[in-house]
Amino acid sequence: MPTPQKKIPALQGVQLHHSVRPSVPRARAPRNPNEVPRWRRRKDARPGELLDAALEVFVERGYSATRLDDVARRAGVTKGAMYLYFENKEALFKAMVRDRIVRSIAAGEQILDEHQGSAKELLEILLNRWWERIVEGPTSGMAKLVMGEVGSFPDLARFYHDEVINRSLKVIEHAIRLGMARGEFRRIDPAMAVRLAVAPMLVAALWQYTFAKCVEGGQIDRRRFFDAHVEIFLAGLSATNAPARSA
C-alpha cells in the first residue's frame with residue numbers, strides 16, 4: 001500500500017521577504033519580422049563606422065598619438081574587430097584618406113571630363129569643391145594633421161602627396177591650361193598659378209584649427225573669405241586684365 005503523504009501545515013502569519021519572492025518573467029514584445037538584428041546591421045556598416053571614427057580621432061589627436069584602441073572605442077567595437085579590416089594604423093589611415101578624400105578628387109576629375117561650359121566656370125566649380133573639402137567639410141582637419149605630422153613619416157608623406165596633393169593640383173591646373181588655350185586666361189605658369197590658388201584656402205583651413213580657437217576675434221567669415229579670394233584670383237587670370245607687353 002502507498003505511504004500516506006504527510007500534510008504540511010500552512011505558514012500562518014509568516015510573510016515572505018521580497019528578496020526570496022520568485023520573479024515573474026516579463027512578457028517580451030513580439031519581434032518585428034522585418035527588423036534586421038542589430039549585430040547584422042553593425043556588421044554591414046562596420047567598415048564605414050571605423051573610417052568615420054578614424055577621421056575624427058586622427059584629427060583630434062594627430063597621427064602619432066592615435067592608437068587603434070582609440071578608434072575602436074570611438075566606433076563602438078573591439079580592437080580585435082579592427083584587425084578584421086585593417087592590419088595596422090598606417091593601413092587604417094590610408095583607407096580613410098582614400099575613402100574620404102581621394103574619392104572626392106576622383107569626382108572632380110569626372111567633372112573635368114564632362115564639363116561643357118567655360119574654363120572660368122569650371123575653375124570656379126573645382127575651387128569651390130576644394131574649399132568645401134579642405135575648409136568646410138568633415139575632412140577639414142586633415143590639412144593641419146598632414147602639414148604638422150605626416151612629414152615625420154616618409155611613407156605616409158609620399159602616399160599623401162601622390163594620391164591627394166598631386167592629383168588635386170593637377171585637376172585645377174588642367175582647368176587653368178584649358179582657359180589659357182581658349183584665350184580666357186592670360187599666359188602664365190599654370191603650375192605656379194594652381195599653388196597660388198590653393199595657398200589662401202590652406203591658410204584658412206589651418207587658421208580655424210589654431211588661432212580661431214584661442215584668439216579673441218580670430219574667427220573669420222569663411223564664405224566671404226572664399227568669395228573674395230576667387231574673385232581676386234579670377235580677375236588676375238583674366239586675359240582682359242593682362243598687362244600690356246613691352247615693345
# chains A, B, ... in the order shown; residues from 1 in each chain; ligands from 1

$ closest_atom_pairs --of "stretch 117-220 of chain A" --to "stretch 84-101 of chain A" --cutoff "9 Å" --atoms "only C-alpha atoms" --output "CSV"
residue,atom,partner,partner_atom,distance
A:Arg133,CA,A:Ile101,CA,7.8
A:Pro138,CA,A:Arg100,CA,8.8
A:Thr139,CA,A:Arg100,CA,7.3
A:Leu156,CA,A:Glu90,CA,7.8
A:Phe159,CA,A:Lys94,CA,8.0
A:Tyr160,CA,A:Val97,CA,8.1
A:Glu163,CA,A:Arg98,CA,8.0
A:Val164,CA,A:Ile101,CA,7.3

$ closest_residue --among "A:Gly108, A:Pro47, A:Gly217, A:Gly137" --to "A:Ile125" --atoms "only C-alpha atoms"
A:Gly108

$ atom_distance --atom1 "atom CA of A:Arg73" --atom2 "atom CA of A:Phe58"
13.3 Å

$ residues_around --residues "A:Ala54" --least-positions-apart "6" --cutoff "9 Å" --atoms "only C-alpha atoms" --output "ChimeraX atom specification"
/A:66,68,70-72,74-75,92-93,96

$ select_by_dssp --residues "stretch 76-137 of chain A" --states "helix (DSSP H, G or I)" --output "count of residues only"
48

$ closest_atom_pairs --of "stretch 29-135 of chain A" --to "stretch 208-213 of chain A" --cutoff "12 Å" --atoms "only C-alpha atoms" --output "Markdown table"
| residue | atom | partner | partner_atom | distance |
| --- | --- | --- | --- | --- |
| A:Val59 | CA | A:Tyr209 | CA | 9.9 |
| A:Glu60 | CA | A:Tyr209 | CA | 10.1 |
| A:Ile134 | CA | A:Gln208 | CA | 11.1 |
| A:Val135 | CA | A:Gln208 | CA | 8.3 |

$ write_last_selection --atoms "N, CA and C atoms" --output "PDB file, in the first residue's frame"
ATOM      1  N   VAL A  59      42.083  63.526 -36.495  1.00  0.00           N
ATOM      2  CA  VAL A  59      42.034  64.984 -36.473  1.00  0.00           C
ATOM      3  C   VAL A  59      42.184  65.511 -35.046  1.00  0.00           C
ATOM      4  N   GLU A  60      41.538  64.857 -34.087  1.00  0.00           N
ATOM      5  CA  GLU A  60      41.592  65.325 -32.706  1.00  0.00           C
ATOM      6  C   GLU A  60      42.968  65.127 -32.074  1.00  0.00           C
ATOM      7  N   ILE A 134      38.465  70.990 -47.999  1.00  0.00           N
ATOM      8  CA  ILE A 134      39.608  71.355 -47.172  1.00  0.00           C
ATOM      9  C   ILE A 134      39.222  72.223 -45.980  1.00  0.00           C
ATOM     10  N   VAL A 135      38.205  73.074 -46.137  1.00  0.00           N
ATOM     11  CA  VAL A 135      37.893  74.064 -45.099  1.00  0.00           C
ATOM     12  C   VAL A 135      36.559  73.805 -44.412  1.00  0.00           C
TER      13      VAL A 135
END

$ closest_residue --among "A:Trp131, A:Trp207, A:Phe185, A:Phe153" --to "A:Thr240" --atoms "only C-alpha atoms"
A:Phe185

$ residues_around --residues "stretch 165-167 of chain A" --least-positions-apart "5" --cutoff "10 Å" --atoms "only C-alpha atoms" --output "ChimeraX atom specification"
/A:102,105-106,108-109,158-160,172-173

$ write_last_selection --atoms "C-alpha atoms" --output "CSV table (one decimal), in the first residue's frame"
chain,number,residue,atom,x,y,z
A,102,VAL,CA,40.6,60.5,-52.9
A,105,ILE,CA,39.2,64.1,-56.1
A,106,ALA,CA,38.1,61.3,-58.5
A,108,GLY,CA,36.4,66.3,-59.6
A,109,GLU,CA,38.3,64.5,-62.4
A,158,ARG,CA,54.8,60.1,-50.2
A,159,PHE,CA,51.4,58.4,-50.2
A,160,TYR,CA,49.5,61.6,-49.4
A,172,ILE,CA,42.9,72.6,-61.1
A,173,GLU,CA,46.0,73.0,-63.2

$ closest_atom_pairs --of "stretch 116-213 of chain A" --to "stretch 226-230 of chain A" --cutoff "12 Å" --atoms "only C-alpha atoms" --output "JSON lines"
{"residue": "A:Lys120", "atom": "CA", "partner": "A:Val230", "partner_atom": "CA", "distance": 10.5}
{"residue": "A:Glu121", "atom": "CA", "partner": "A:Val230", "partner_atom": "CA", "distance": 11.4}
{"residue": "A:Leu123", "atom": "CA", "partner": "A:Val230", "partner_atom": "CA", "distance": 9.4}
{"residue": "A:Glu124", "atom": "CA", "partner": "A:Val230", "partner_atom": "CA", "distance": 7.4}
{"residue": "A:Ile125", "atom": "CA", "partner": "A:Val230", "partner_atom": "CA", "distance": 10.6}
{"residue": "A:Leu126", "atom": "CA", "partner": "A:Val230", "partner_atom": "CA", "distance": 11.0}
{"residue": "A:Leu127", "atom": "CA", "partner": "A:Val230", "partner_atom": "CA", "distance": 7.9}
{"residue": "A:Asn128", "atom": "CA", "partner": "A:Phe226", "partner_atom": "CA", "distance": 8.3}
{"residue": "A:Arg129", "atom": "CA", "partner": "A:Phe226", "partner_atom": "CA", "distance": 11.4}
{"residue": "A:Trp130", "atom": "CA", "partner": "A:Phe226", "partner_atom": "CA", "distance": 10.7}
{"residue": "A:Trp131", "atom": "CA", "partner": "A:Phe226", "partner_atom": "CA", "distance": 7.6}
{"residue": "A:Glu132", "atom": "CA", "partner": "A:Phe226", "partner_atom": "CA", "distance": 10.1}
{"residue": "A:Ile134", "atom": "CA", "partner": "A:Phe226", "partner_atom": "CA", "distance": 11.8}
{"residue": "A:Val135", "atom": "CA", "partner": "A:Phe226", "partner_atom": "CA", "distance": 9.8}
{"residue": "A:Glu136", "atom": "CA", "partner": "A:Phe226", "partner_atom": "CA", "distance": 10.8}
{"residue": "A:Leu196", "atom": "CA", "partner": "A:His229", "partner_atom": "CA", "distance": 10.4}
{"residue": "A:Ala197", "atom": "CA", "partner": "A:Val230", "partner_atom": "CA", "distance": 8.1}
{"residue": "A:Val198", "atom": "CA", "partner": "A:His229", "partner_atom": "CA", "distance": 9.8}
{"residue": "A:Ala199", "atom": "CA", "partner": "A:His229", "partner_atom": "CA", "distance": 10.3}
{"residue": "A:Pro200", "atom": "CA", "partner": "A:His229", "partner_atom": "CA", "distance": 7.6}
{"residue": "A:Met201", "atom": "CA", "partner": "A:Phe226", "partner_atom": "CA", "distance": 7.4}
{"residue": "A:Leu202", "atom": "CA", "partner": "A:Phe226", "partner_atom": "CA", "distance": 11.1}
{"residue": "A:Val203", "atom": "CA", "partner": "A:Phe226", "partner_atom": "CA", "distance": 11.3}
{"residue": "A:Ala204", "atom": "CA", "partner": "A:Phe226", "partner_atom": "CA", "distance": 8.9}
{"residue": "A:Ala205", "atom": "CA", "partner": "A:Phe226", "partner_atom": "CA", "distance": 11.2}

$ atom_distance --atom1 "atom CA of A:Met82" --atom2 "atom CA of A:Ser168"
29.8 Å

$ atom_distance --atom1 "atom CA of A:Arg46" --atom2 "atom CA of A:Gln110"
28.5 Å

$ closest_residue --among "A:Arg224, A:Leu122, A:Glu216, A:Ser140" --to "A:Arg177" --atoms "only C-alpha atoms"
A:Leu122

$ residues_around --residues "A:Met180" --least-positions-apart "5" --cutoff "9 Å" --atoms "only C-alpha atoms" --output "count of residues only"
9
